[in-house]
>>> print(open('my_file.tsv').read())   # TSV, C-alpha atoms and all ligand atoms
chain	number	residue	atom	x	y	z
A	1	MET	CA	2.75	29.72	-47.76
A	2	HIS	CA	2.91	32.65	-45.37
A	3	ALA	CA	-0.28	34.43	-44.37
A	4	LEU	CA	1.52	37.73	-44.79
A	5	ASP	CA	4.80	38.64	-46.47
A	6	ALA	CA	6.42	42.07	-46.53
A	7	HIS	CA	9.44	42.50	-48.81
A	8	GLU	CA	11.84	45.41	-48.35
A	9	LEU	CA	9.24	48.04	-47.50
A	10	TYR	CA	10.22	51.70	-47.76
A	11	ARG	CA	7.97	54.62	-46.88
A	12	PHE	CA	8.99	58.28	-46.94
A	13	PHE	CA	6.99	61.27	-45.77
A	14	HIS	CA	7.71	64.82	-46.86
A	15	ILE	CA	6.70	67.94	-45.05
A	16	GLY	CA	8.15	70.97	-46.79
A	17	ASP	CA	11.84	70.24	-47.28
A	18	ASP	CA	11.92	67.68	-44.45
A	19	GLU	CA	11.96	64.01	-45.31
A	20	THR	CA	11.11	61.31	-42.77
A	21	ALA	CA	12.09	57.77	-43.66
A	22	ALA	CA	9.37	55.95	-41.70
A	23	LEU	CA	10.27	52.52	-43.13
A	24	ARG	CA	13.73	51.70	-44.46
A	25	GLY	CA	13.77	48.22	-45.94
A	26	VAL	CA	11.50	46.27	-43.61
A	27	SER	CA	10.96	42.61	-44.48
A	28	LEU	CA	8.95	40.18	-42.39
A	29	HIS	CA	6.44	37.39	-42.60
A	30	VAL	CA	3.60	36.07	-40.49
A	31	SER	CA	2.69	32.38	-40.75
A	32	PRO	CA	-0.78	30.92	-40.29
A	33	GLY	CA	-1.50	30.57	-36.57
A	34	GLU	CA	1.37	32.84	-35.59
A	35	ILE	CA	1.25	35.83	-33.27
A	36	VAL	CA	3.90	38.39	-34.25
A	37	ALA	CA	4.42	41.51	-32.13
A	38	VAL	CA	6.03	44.70	-33.46
A	39	THR	CA	7.64	46.78	-30.75
A	40	GLY	CA	9.78	49.89	-30.82
A	41	PRO	CA	9.83	53.47	-29.58
A	42	SER	CA	7.23	56.01	-30.57
A	43	GLY	CA	7.99	57.18	-34.11
A	44	SER	CA	9.89	54.02	-35.06
A	45	GLY	CA	7.45	53.19	-37.88
A	46	LYS	CA	5.04	50.68	-36.29
A	47	SER	CA	1.81	52.32	-37.45
A	48	THR	CA	3.25	53.02	-40.89
A	49	LEU	CA	4.20	49.35	-41.19
A	50	LEU	CA	0.72	48.19	-40.18
A	51	ALA	CA	-0.89	50.59	-42.66
A	52	CYS	CA	1.38	49.33	-45.46
A	53	VAL	CA	0.87	45.61	-44.81
A	54	THR	CA	-2.92	46.01	-44.87
A	55	GLY	CA	-2.86	48.08	-48.08
A	56	LEU	CA	-4.39	51.09	-46.33
A	57	ASP	CA	-1.19	52.90	-47.29
A	58	GLU	CA	1.12	52.22	-50.25
A	59	PRO	CA	4.82	51.73	-49.59
A	60	ASP	CA	7.19	53.81	-51.77
A	61	GLY	CA	9.32	50.71	-52.29
A	62	GLY	CA	8.96	46.99	-51.79
A	63	HIS	CA	5.75	45.01	-51.79
A	64	VAL	CA	3.32	43.06	-49.63
A	65	GLU	CA	1.74	39.68	-50.33
A	66	VAL	CA	-1.27	38.38	-48.48
A	67	ALA	CA	-2.01	34.64	-48.76
A	68	GLY	CA	0.29	34.63	-51.79
A	69	ALA	CA	-1.49	37.48	-53.61
A	70	ARG	CA	0.30	40.79	-54.20
A	71	LEU	CA	-1.45	43.67	-52.45
A	72	THR	CA	0.94	46.49	-53.35
A	73	ARG	CA	0.48	48.59	-56.52
A	74	ARG	CA	-2.93	47.13	-57.25
A	75	SER	CA	-6.08	49.17	-57.83
A	76	GLN	CA	-7.98	50.53	-54.83
A	77	ALA	CA	-10.81	48.08	-55.60
A	78	CYS	CA	-8.45	45.11	-55.70
A	79	ARG	CA	-6.77	46.15	-52.47
A	80	ALA	CA	-10.14	46.61	-50.80
A	81	ARG	CA	-11.23	43.15	-51.90
A	82	LEU	CA	-8.03	41.51	-50.63
A	83	ARG	CA	-8.31	43.49	-47.40
A	84	ALA	CA	-11.91	42.43	-46.79
A	85	ALA	CA	-11.09	38.78	-47.46
A	86	ASN	CA	-7.98	38.60	-45.32
A	87	PHE	CA	-7.79	41.23	-42.62
A	88	GLY	CA	-9.46	42.39	-39.47
A	89	ILE	CA	-7.93	45.77	-38.69
A	90	LEU	CA	-7.76	47.70	-35.44
A	91	LEU	CA	-6.15	51.12	-35.86
A	92	GLN	CA	-5.26	53.51	-33.05
A	93	SER	CA	-8.48	55.45	-33.69
A	94	GLY	CA	-11.40	55.70	-36.09
A	95	ASN	CA	-12.41	52.03	-35.91
A	96	LEU	CA	-16.09	52.59	-35.17
A	97	PHE	CA	-18.89	54.19	-37.15
A	98	PRO	CA	-20.02	56.98	-34.81
A	99	HIS	CA	-23.72	56.78	-35.71
A	100	LEU	CA	-23.90	53.04	-34.91
A	101	SER	CA	-24.02	51.50	-31.42
A	102	VAL	CA	-21.34	49.05	-30.34
A	103	GLU	CA	-23.41	46.01	-31.31
A	104	GLN	CA	-24.51	47.64	-34.56
A	105	ASN	CA	-20.84	48.25	-35.40
A	106	VAL	CA	-20.05	44.56	-34.87
A	107	ARG	CA	-23.10	43.49	-36.88
A	108	PHE	CA	-22.17	45.86	-39.70
A	109	GLN	CA	-18.66	44.38	-39.97
A	110	MET	CA	-20.24	40.94	-40.27
A	111	LEU	CA	-22.56	42.18	-43.00
A	112	LEU	CA	-19.67	43.82	-44.89
A	113	ALA	CA	-17.81	40.51	-44.86
A	114	GLY	CA	-20.94	38.63	-45.91
A	115	LYS	CA	-20.91	36.61	-42.67
A	116	PRO	CA	-23.86	37.78	-40.55
A	117	ASP	CA	-24.20	35.74	-37.35
A	118	GLU	CA	-26.55	37.24	-34.75
A	119	ASN	CA	-25.62	34.54	-32.21
A	120	ARG	CA	-21.97	35.56	-32.14
A	121	ILE	CA	-22.49	39.22	-31.28
A	122	ALA	CA	-23.36	38.92	-27.57
A	123	PRO	CA	-20.60	36.38	-26.72
A	124	LEU	CA	-18.05	38.46	-28.62
A	125	LEU	CA	-18.97	41.64	-26.72
A	126	ASP	CA	-18.99	39.69	-23.47
A	127	SER	CA	-15.50	38.36	-24.18
A	128	VAL	CA	-14.09	41.88	-24.53
A	129	GLY	CA	-15.94	42.99	-21.37
A	130	LEU	CA	-18.51	45.13	-23.17
A	131	ALA	CA	-21.75	43.17	-22.71
A	132	HIS	CA	-23.19	46.05	-20.68
A	133	ARG	CA	-22.20	48.64	-23.31
A	134	ALA	CA	-23.73	46.91	-26.35
A	135	ARG	CA	-26.25	49.69	-26.94
A	136	ALA	CA	-23.84	52.55	-26.27
A	137	PHE	CA	-22.64	54.82	-29.05
A	138	PRO	CA	-18.92	55.46	-29.63
A	139	THR	CA	-19.07	59.00	-28.18
A	140	GLU	CA	-20.35	57.51	-24.91
A	141	LEU	CA	-17.40	55.14	-24.45
A	142	SER	CA	-14.18	55.59	-22.47
A	143	GLY	CA	-10.84	55.21	-24.24
A	144	GLY	CA	-10.43	51.60	-23.15
A	145	GLU	CA	-14.02	50.74	-24.06
A	146	THR	CA	-13.53	52.31	-27.48
A	147	ALA	CA	-10.44	50.16	-28.06
A	148	ARG	CA	-12.28	47.00	-27.01
A	149	ALA	CA	-15.31	47.82	-29.15
A	150	GLY	CA	-12.98	48.36	-32.10
A	151	LEU	CA	-11.34	45.02	-31.40
A	152	ALA	CA	-14.74	43.29	-31.27
A	153	ALA	CA	-15.54	44.83	-34.67
A	154	ALA	CA	-12.17	43.71	-36.06
A	155	LEU	CA	-12.67	40.18	-34.69
A	156	ALA	CA	-16.29	39.94	-35.83
A	157	CYS	CA	-15.57	37.69	-38.80
A	158	ASP	CA	-12.66	35.65	-37.47
A	159	PRO	CA	-10.36	37.26	-40.04
A	160	PRO	CA	-7.42	35.13	-41.27
A	161	ILE	CA	-5.08	37.95	-40.20
A	162	LEU	CA	-5.83	40.34	-37.35
A	163	VAL	CA	-3.72	43.50	-37.56
A	164	ALA	CA	-3.97	45.60	-34.41
A	165	ASP	CA	-2.19	48.85	-33.55
A	166	GLU	CA	-1.61	48.99	-29.78
A	167	PRO	CA	-4.81	47.12	-28.90
A	168	THR	CA	-4.14	47.17	-25.16
A	169	ALA	CA	-2.93	50.78	-24.89
A	170	GLU	CA	-5.76	51.99	-22.66
A	171	VAL	CA	-7.03	48.86	-20.95
A	172	ASP	CA	-6.53	47.51	-17.44
A	173	ARG	CA	-4.66	44.34	-16.69
A	174	ASP	CA	-7.72	42.06	-16.48
A	175	THR	CA	-9.00	43.30	-19.78
A	176	GLU	CA	-5.56	42.91	-21.31
A	177	ALA	CA	-5.53	39.27	-20.15
A	178	GLY	CA	-8.90	38.81	-21.86
A	179	LEU	CA	-7.56	40.27	-25.11
A	180	ILE	CA	-4.48	38.04	-24.91
A	181	ALA	CA	-6.83	35.04	-24.49
A	182	HIS	CA	-8.51	36.14	-27.74
A	183	PHE	CA	-5.19	36.22	-29.58
A	184	GLU	CA	-4.26	32.79	-28.20
A	185	ALA	CA	-7.60	31.34	-29.27
A	186	ARG	CA	-6.87	32.67	-32.75
A	187	ARG	CA	-3.49	30.93	-32.70
A	188	ALA	CA	-5.17	27.65	-31.69
A	189	ALA	CA	-7.58	28.09	-34.63
A	190	GLY	CA	-4.70	28.62	-37.09
A	191	LEU	CA	-5.46	32.35	-37.56
A	192	SER	CA	-2.65	34.92	-37.65
A	193	THR	CA	-2.27	37.97	-35.43
A	194	PHE	CA	0.07	40.90	-36.09
A	195	ILE	CA	0.17	43.53	-33.37
A	196	ALA	CA	2.08	46.70	-32.64
A	197	THR	CA	2.38	46.96	-28.89
A	198	HIS	CA	4.19	48.57	-25.99
A	199	SER	CA	2.83	45.93	-23.64
A	200	ARG	CA	5.45	43.56	-22.30
A	201	ALA	CA	2.74	41.08	-21.23
A	202	LEU	CA	1.37	40.99	-24.75
A	203	ALA	CA	4.77	40.83	-26.48
A	204	GLN	CA	5.79	37.93	-24.23
A	205	ARG	CA	2.89	35.87	-25.52
A	206	ALA	CA	3.87	36.43	-29.14
A	207	ASP	CA	5.61	33.70	-31.12
A	208	ARG	CA	8.02	36.30	-32.45
A	209	ILE	CA	8.90	39.89	-31.68
A	210	VAL	CA	10.02	42.26	-34.43
A	211	ARG	CA	11.81	45.30	-32.99
A	212	LEU	CA	11.69	48.47	-35.05
A	213	LYS	CA	14.00	51.41	-34.61
A	214	ASP	CA	14.11	54.38	-36.97
A	215	GLY	CA	12.23	52.41	-39.60
A	216	ARG	CA	14.53	49.39	-39.54
A	217	ILE	CA	14.28	45.98	-37.92
A	218	GLU	CA	16.78	45.70	-35.08
A	219	ASN	CA	16.97	42.00	-34.35
A	220	GLU	CA	17.84	40.52	-37.72
B	1	LIG	P1	5.01	54.62	-34.44
B	1	LIG	O1	3.67	54.02	-34.77
B	1	LIG	O2	6.09	53.61	-34.20
B	1	LIG	O3	4.92	55.61	-33.33
B	1	LIG	P2	4.72	55.96	-37.02
B	1	LIG	O4	4.68	54.88	-38.04
B	1	LIG	O5	3.43	56.58	-36.63
B	1	LIG	O6	5.52	55.44	-35.74
B	1	LIG	O7	5.67	57.12	-37.55
B	1	LIG	C1	6.97	56.87	-38.07
B	1	LIG	C2	7.56	58.20	-38.51
B	1	LIG	O8	6.88	58.67	-39.66
B	1	LIG	C3	7.45	59.31	-37.46
B	1	LIG	O9	8.61	60.10	-37.56
B	1	LIG	C4	6.22	60.07	-37.89
B	1	LIG	O10	6.30	61.39	-37.49
B	1	LIG	C5	6.29	59.94	-39.41
B	1	LIG	N1	4.96	59.95	-40.05
B	1	LIG	C6	4.01	58.99	-39.92
B	1	LIG	N2	2.93	59.29	-40.66
B	1	LIG	C7	3.20	60.47	-41.27
B	1	LIG	C8	2.48	61.31	-42.18
B	1	LIG	N3	1.25	60.98	-42.62
B	1	LIG	N4	3.07	62.46	-42.59
B	1	LIG	C9	4.32	62.79	-42.18
B	1	LIG	N5	5.06	62.05	-41.33
B	1	LIG	C10	4.51	60.89	-40.87
B	2	MG	MG	1.85	54.16	-33.81
>>> encode(input="my_file.tsv", output="structure tokens")
Amino acid sequence: MHALDAHELYRFFHIGDDETAALRGVSLHVSPGEIVAVTGPSGSGKSTLLACVTGLDEPDGGHVEVAGARLTRRSQACRARLRAANFGILLQSGNLFPHLSVEQNVRFQMLLAGKPDENRIAPLLDSVGLAHRARAFPTELSGGETARAGLAAALACDPPILVADEPTAEVDRDTEAGLIAHFEARRAAGLSTFIATHSRALAQRADRIVRLKDGRIENE
């Protein structure tokens, strides 16, 4: 069974009389232990795809299955339950609760998933290069630090599927290597990773690359 299955996803946006077809029949799967990278120019539909596969957004056509369970066209509560059980999600912004420090954000994610583990917090922050920023609040972080703190929060519970939207967009090369090591450790542990990225270094480490252009997959 695939960890994640997307079948013929369509998503349209309307602004006034203008229609944007952000996804036009996108099908893909991610197997357990696989790293799949989604690449493509800005506006090609990467973020829309990630939002649809995690159930944060509903596709207008097609459906998504996570660990064999249908996520699409289910109630908000059902989607939220499937999301909590299966996904760690790193969006391009808005990943941290602004009134909680970095370590409190990580702890809170663990509590939400019912997996509190005080001993994991410091090593996790250390591994994303944020040990010295544990007590900082999101407004006090740089762009790269914010991305890494969000990743630590998304990784807090070793989610079966990590979905990350451009996780290395604002980080230096050493930090990017550290994040890649995280994704590879997930692969070794049989956990899946699905990332939208512009980074060649990151895409090269993926097991598969899905290229999007104008809402369609190019290489199939
Ligand atoms: P990418 O992440 O590859 O840059 P997006 O998925 O963000 O691409 O966007 C795909 C297309 O859909 C773009 O043309 C974008 O302008 C449009 N789009 C995305 N979200 C919305 C929205 N909420 N409302 C209207 N148009 C949107
Ligand atoms: Mg995007």
>>> residues_near_ligand(input="my_file.tsv", ligand="ligand LIG 1 (chain B)", cutoff="7 Å", atoms="all atoms listed in the file", output="PyMOL selection string")
chain A and resi 13-15+20-22+40-49
>>> write_last_selection(input="my_file.tsv", atoms="C-alpha atoms", output="CSV table (one decimal), in the coordinates of the input")
chain,number,residue,atom,x,y,z
A,13,PHE,CA,7.0,61.3,-45.8
A,14,HIS,CA,7.7,64.8,-46.9
A,15,ILE,CA,6.7,67.9,-45.0
A,20,THR,CA,11.1,61.3,-42.8
A,21,ALA,CA,12.1,57.8,-43.7
A,22,ALA,CA,9.4,56.0,-41.7
A,40,GLY,CA,9.8,49.9,-30.8
A,41,PRO,CA,9.8,53.5,-29.6
A,42,SER,CA,7.2,56.0,-30.6
A,43,GLY,CA,8.0,57.2,-34.1
A,44,SER,CA,9.9,54.0,-35.1
A,45,GLY,CA,7.4,53.2,-37.9
A,46,LYS,CA,5.0,50.7,-36.3
A,47,SER,CA,1.8,52.3,-37.4
A,48,THR,CA,3.2,53.0,-40.9
A,49,LEU,CA,4.2,49.4,-41.2
>>> closest_atom_pairs(input="my_file.tsv", of="range 118-210 of chain A", to="range 64-81 of chain A", cutoff="12 Å", atoms="only C-alpha atoms", output="tab-separated table")
residue	atom	partner	partner_atom	distance
A:Pro160	CA	A:Ala67	CA	9.3
A:Ile161	CA	A:Val66	CA	9.1
A:Leu191	CA	A:Ala67	CA	11.9
A:Ser192	CA	A:Ala67	CA	11.1
>>> write_last_selection(input="my_file.tsv", atoms="C-alpha atoms", output="PDB file, keeping the file's coordinate frame")
ATOM      1  CA  PRO A 160      -7.420  35.130 -41.270  1.00  0.00           C
ATOM      2  CA  ILE A 161      -5.080  37.950 -40.200  1.00  0.00           C
ATOM      3  CA  LEU A 191      -5.460  32.350 -37.560  1.00  0.00           C
ATOM      4  CA  SER A 192      -2.650  34.920 -37.650  1.00  0.00           C
TER       5      SER A 192
END
>>> residues_near_point(input="my_file.tsv", point="(7.3, 46.2, -25.3)", cutoff="6 Å", atoms="all atoms listed in the file", output="list in words")
Thr39, His198, Ser199 and Arg200 of chain A
>>> residues_around(input="my_file.tsv", residues="Arg208 in chain A", least_positions_apart="6", cutoff="12 Å", atoms="all atoms listed in the file", output="JSON, numbers by chain")
{"A": [28, 29, 30, 31, 33, 34, 35, 36, 37, 38, 39, 192, 193, 194, 195, 196, 202, 219, 220]}
>>> closest_residue(input="my_file.tsv", among="A:Ile217, A:Leu125, A:Ala169, A:Ala201", to="Val106 in chain A", atoms="only C-alpha atoms")
A:Leu125
>>> decode(input="my_file.tsv", residues="range 44-86 of chain A", atoms="N, CA and C atoms", output="PDB file, in the first residue's frame")
ATOM      1  N   SER A  44       3.502  26.923 -10.833  1.00  0.00           N
ATOM      2  CA  SER A  44       3.185  25.678 -11.552  1.00  0.00           C
ATOM      3  C   SER A  44       2.218  24.782 -10.789  1.00  0.00           C
ATOM      4  N   GLY A  45       1.933  25.118  -9.516  1.00  0.00           N
ATOM      5  CA  GLY A  45       0.929  24.352  -8.769  1.00  0.00           C
ATOM      6  C   GLY A  45       1.475  23.553  -7.593  1.00  0.00           C
ATOM      7  N   LYS A  46       2.751  23.748  -7.249  1.00  0.00           N
ATOM      8  CA  LYS A  46       3.380  22.940  -6.195  1.00  0.00           C
ATOM      9  C   LYS A  46       2.660  23.110  -4.849  1.00  0.00           C
ATOM     10  N   SER A  47       2.477  24.361  -4.444  1.00  0.00           N
ATOM     11  CA  SER A  47       1.861  24.596  -3.127  1.00  0.00           C
ATOM     12  C   SER A  47       0.415  24.126  -3.116  1.00  0.00           C
ATOM     13  N   THR A  48      -0.280  24.315  -4.227  1.00  0.00           N
ATOM     14  CA  THR A  48      -1.668  23.848  -4.321  1.00  0.00           C
ATOM     15  C   THR A  48      -1.710  22.328  -4.175  1.00  0.00           C
ATOM     16  N   LEU A  49      -0.767  21.648  -4.823  1.00  0.00           N
ATOM     17  CA  LEU A  49      -0.715  20.187  -4.733  1.00  0.00           C
ATOM     18  C   LEU A  49      -0.479  19.747  -3.285  1.00  0.00           C
ATOM     19  N   LEU A  50       0.476  20.393  -2.620  1.00  0.00           N
ATOM     20  CA  LEU A  50       0.775  20.013  -1.237  1.00  0.00           C
ATOM     21  C   LEU A  50      -0.435  20.264  -0.329  1.00  0.00           C
ATOM     22  N   ALA A  51      -1.129  21.366  -0.564  1.00  0.00           N
ATOM     23  CA  ALA A  51      -2.315  21.666   0.256  1.00  0.00           C
ATOM     24  C   ALA A  51      -3.402  20.618   0.012  1.00  0.00           C
ATOM     25  N   CYS A  52      -3.549  20.185  -1.239  1.00  0.00           N
ATOM     26  CA  CYS A  52      -4.594  19.191  -1.554  1.00  0.00           C
ATOM     27  C   CYS A  52      -4.252  17.812  -0.995  1.00  0.00           C
ATOM     28  N   VAL A  53      -2.984  17.404  -1.062  1.00  0.00           N
ATOM     29  CA  VAL A  53      -2.674  16.043  -0.594  1.00  0.00           C
ATOM     30  C   VAL A  53      -2.743  15.938   0.922  1.00  0.00           C
ATOM     31  N   THR A  54      -2.614  17.051   1.635  1.00  0.00           N
ATOM     32  CA  THR A  54      -2.717  16.999   3.092  1.00  0.00           C
ATOM     33  C   THR A  54      -4.140  17.270   3.581  1.00  0.00           C
ATOM     34  N   GLY A  55      -5.060  17.554   2.652  1.00  0.00           N
ATOM     35  CA  GLY A  55      -6.442  17.825   3.048  1.00  0.00           C
ATOM     36  C   GLY A  55      -6.640  19.216   3.632  1.00  0.00           C
ATOM     37  N   LEU A  56      -5.612  20.074   3.542  1.00  0.00           N
ATOM     38  CA  LEU A  56      -5.791  21.458   3.984  1.00  0.00           C
ATOM     39  C   LEU A  56      -6.673  22.194   2.980  1.00  0.00           C
ATOM     40  N   ASP A  57      -6.604  21.764   1.722  1.00  0.00           N
ATOM     41  CA  ASP A  57      -7.449  22.300   0.661  1.00  0.00           C
ATOM     42  C   ASP A  57      -8.168  21.107   0.021  1.00  0.00           C
ATOM     43  N   GLU A  58      -9.317  21.356  -0.570  1.00  0.00           N
ATOM     44  CA  GLU A  58     -10.074  20.296  -1.240  1.00  0.00           C
ATOM     45  C   GLU A  58      -9.914  20.440  -2.741  1.00  0.00           C
ATOM     46  N   PRO A  59      -9.486  19.387  -3.428  1.00  0.00           N
ATOM     47  CA  PRO A  59      -9.438  19.476  -4.888  1.00  0.00           C
ATOM     48  C   PRO A  59     -10.852  19.575  -5.460  1.00  0.00           C
ATOM     49  N   ASP A  60     -10.977  20.197  -6.641  1.00  0.00           N
ATOM     50  CA  ASP A  60     -12.291  20.285  -7.308  1.00  0.00           C
ATOM     51  C   ASP A  60     -12.609  18.994  -8.036  1.00  0.00           C
ATOM     52  N   GLY A  61     -11.584  18.199  -8.316  1.00  0.00           N
ATOM     53  CA  GLY A  61     -11.795  16.891  -8.937  1.00  0.00           C
ATOM     54  C   GLY A  61     -10.700  15.954  -8.486  1.00  0.00           C
ATOM     55  N   GLY A  62     -10.991  14.659  -8.541  1.00  0.00           N
ATOM     56  CA  GLY A  62     -10.014  13.669  -8.110  1.00  0.00           C
ATOM     57  C   GLY A  62     -10.067  13.454  -6.609  1.00  0.00           C
ATOM     58  N   HIS A  63      -9.201  12.582  -6.114  1.00  0.00           N
ATOM     59  CA  HIS A  63      -9.200  12.346  -4.674  1.00  0.00           C
ATOM     60  C   HIS A  63      -7.828  11.892  -4.185  1.00  0.00           C
ATOM     61  N   VAL A  64      -7.666  11.993  -2.874  1.00  0.00           N
ATOM     62  CA  VAL A  64      -6.405  11.653  -2.215  1.00  0.00           C
ATOM     63  C   VAL A  64      -6.666  10.541  -1.209  1.00  0.00           C
ATOM     64  N   GLU A  65      -5.758   9.572  -1.163  1.00  0.00           N
ATOM     65  CA  GLU A  65      -5.826   8.537  -0.130  1.00  0.00           C
ATOM     66  C   GLU A  65      -4.535   8.577   0.676  1.00  0.00           C
ATOM     67  N   VAL A  66      -4.693   8.483   1.986  1.00  0.00           N
ATOM     68  CA  VAL A  66      -3.518   8.435   2.844  1.00  0.00           C
ATOM     69  C   VAL A  66      -3.573   7.118   3.620  1.00  0.00           C
ATOM     70  N   ALA A  67      -2.502   6.339   3.505  1.00  0.00           N
ATOM     71  CA  ALA A  67      -2.449   5.000   4.113  1.00  0.00           C
ATOM     72  C   ALA A  67      -3.729   4.214   3.804  1.00  0.00           C
ATOM     73  N   GLY A  68      -4.216   4.362   2.578  1.00  0.00           N
ATOM     74  CA  GLY A  68      -5.380   3.591   2.134  1.00  0.00           C
ATOM     75  C   GLY A  68      -6.724   4.188   2.508  1.00  0.00           C
ATOM     76  N   ALA A  69      -6.727   5.303   3.269  1.00  0.00           N
ATOM     77  CA  ALA A  69      -8.002   5.916   3.666  1.00  0.00           C
ATOM     78  C   ALA A  69      -8.252   7.171   2.829  1.00  0.00           C
ATOM     79  N   ARG A  70      -9.476   7.329   2.319  1.00  0.00           N
ATOM     80  CA  ARG A  70      -9.779   8.499   1.504  1.00  0.00           C
ATOM     81  C   ARG A  70      -9.843   9.746   2.385  1.00  0.00           C
ATOM     82  N   LEU A  71      -9.139  10.774   1.922  1.00  0.00           N
ATOM     83  CA  LEU A  71      -9.059  12.038   2.665  1.00  0.00           C
ATOM     84  C   LEU A  71      -9.983  13.086   2.052  1.00  0.00           C
ATOM     85  N   THR A  72     -10.236  12.954   0.749  1.00  0.00           N
ATOM     86  CA  THR A  72     -10.980  13.969   0.011  1.00  0.00           C
ATOM     87  C   THR A  72     -12.488  13.799   0.208  1.00  0.00           C
ATOM     88  N   ARG A  73     -13.199  14.920   0.276  1.00  0.00           N
ATOM     89  CA  ARG A  73     -14.657  14.922   0.469  1.00  0.00           C
ATOM     90  C   ARG A  73     -15.068  14.147   1.720  1.00  0.00           C
ATOM     91  N   ARG A  74     -14.315  14.346   2.770  1.00  0.00           N
ATOM     92  CA  ARG A  74     -14.705  13.872   4.099  1.00  0.00           C
ATOM     93  C   ARG A  74     -14.958  15.109   4.945  1.00  0.00           C
ATOM     94  N   SER A  75     -15.543  14.927   6.118  1.00  0.00           N
ATOM     95  CA  SER A  75     -15.825  16.075   6.985  1.00  0.00           C
ATOM     96  C   SER A  75     -14.505  16.709   7.450  1.00  0.00           C
ATOM     97  N   GLN A  76     -14.590  17.955   7.856  1.00  0.00           N
ATOM     98  CA  GLN A  76     -13.409  18.652   8.391  1.00  0.00           C
ATOM     99  C   GLN A  76     -12.791  17.837   9.526  1.00  0.00           C
ATOM    100  N   ALA A  77     -13.658  17.301  10.405  1.00  0.00           N
ATOM    101  CA  ALA A  77     -13.168  16.577  11.585  1.00  0.00           C
ATOM    102  C   ALA A  77     -12.412  15.317  11.152  1.00  0.00           C
ATOM    103  N   CYS A  78     -12.960  14.642  10.158  1.00  0.00           N
ATOM    104  CA  CYS A  78     -12.324  13.405   9.682  1.00  0.00           C
ATOM    105  C   CYS A  78     -10.987  13.721   9.024  1.00  0.00           C
ATOM    106  N   ARG A  79     -10.984  14.788   8.212  1.00  0.00           N
ATOM    107  CA  ARG A  79      -9.727  15.194   7.571  1.00  0.00           C
ATOM    108  C   ARG A  79      -8.688  15.572   8.613  1.00  0.00           C
ATOM    109  N   ALA A  80      -9.130  16.291   9.641  1.00  0.00           N
ATOM    110  CA  ALA A  80      -8.189  16.726  10.683  1.00  0.00           C
ATOM    111  C   ALA A  80      -7.611  15.514  11.406  1.00  0.00           C
ATOM    112  N   ARG A  81      -8.449  14.514  11.628  1.00  0.00           N
ATOM    113  CA  ARG A  81      -7.979  13.313  12.334  1.00  0.00           C
ATOM    114  C   ARG A  81      -6.965  12.559  11.475  1.00  0.00           C
ATOM    115  N   LEU A  82      -7.276  12.396  10.186  1.00  0.00           N
ATOM    116  CA  LEU A  82      -6.347  11.703   9.287  1.00  0.00           C
ATOM    117  C   LEU A  82      -5.041  12.498   9.150  1.00  0.00           C
ATOM    118  N   ARG A  83      -5.193  13.834   9.131  1.00  0.00           N
ATOM    119  CA  ARG A  83      -3.997  14.672   8.987  1.00  0.00           C
ATOM    120  C   ARG A  83      -3.094  14.515  10.215  1.00  0.00           C
ATOM    121  N   ALA A  84      -3.701  14.571  11.387  1.00  0.00           N
ATOM    122  CA  ALA A  84      -2.908  14.478  12.624  1.00  0.00           C
ATOM    123  C   ALA A  84      -2.206  13.120  12.720  1.00  0.00           C
ATOM    124  N   ALA A  85      -2.874  12.075  12.248  1.00  0.00           N
ATOM    125  CA  ALA A  85      -2.299  10.734  12.383  1.00  0.00           C
ATOM    126  C   ALA A  85      -1.197  10.471  11.365  1.00  0.00           C
ATOM    127  N   ASN A  86      -1.249  11.167  10.238  1.00  0.00           N
ATOM    128  CA  ASN A  86      -0.365  10.789   9.136  1.00  0.00           C
ATOM    129  C   ASN A  86       0.686  11.807   8.720  1.00  0.00           C
TER     130      ASN A  86
END
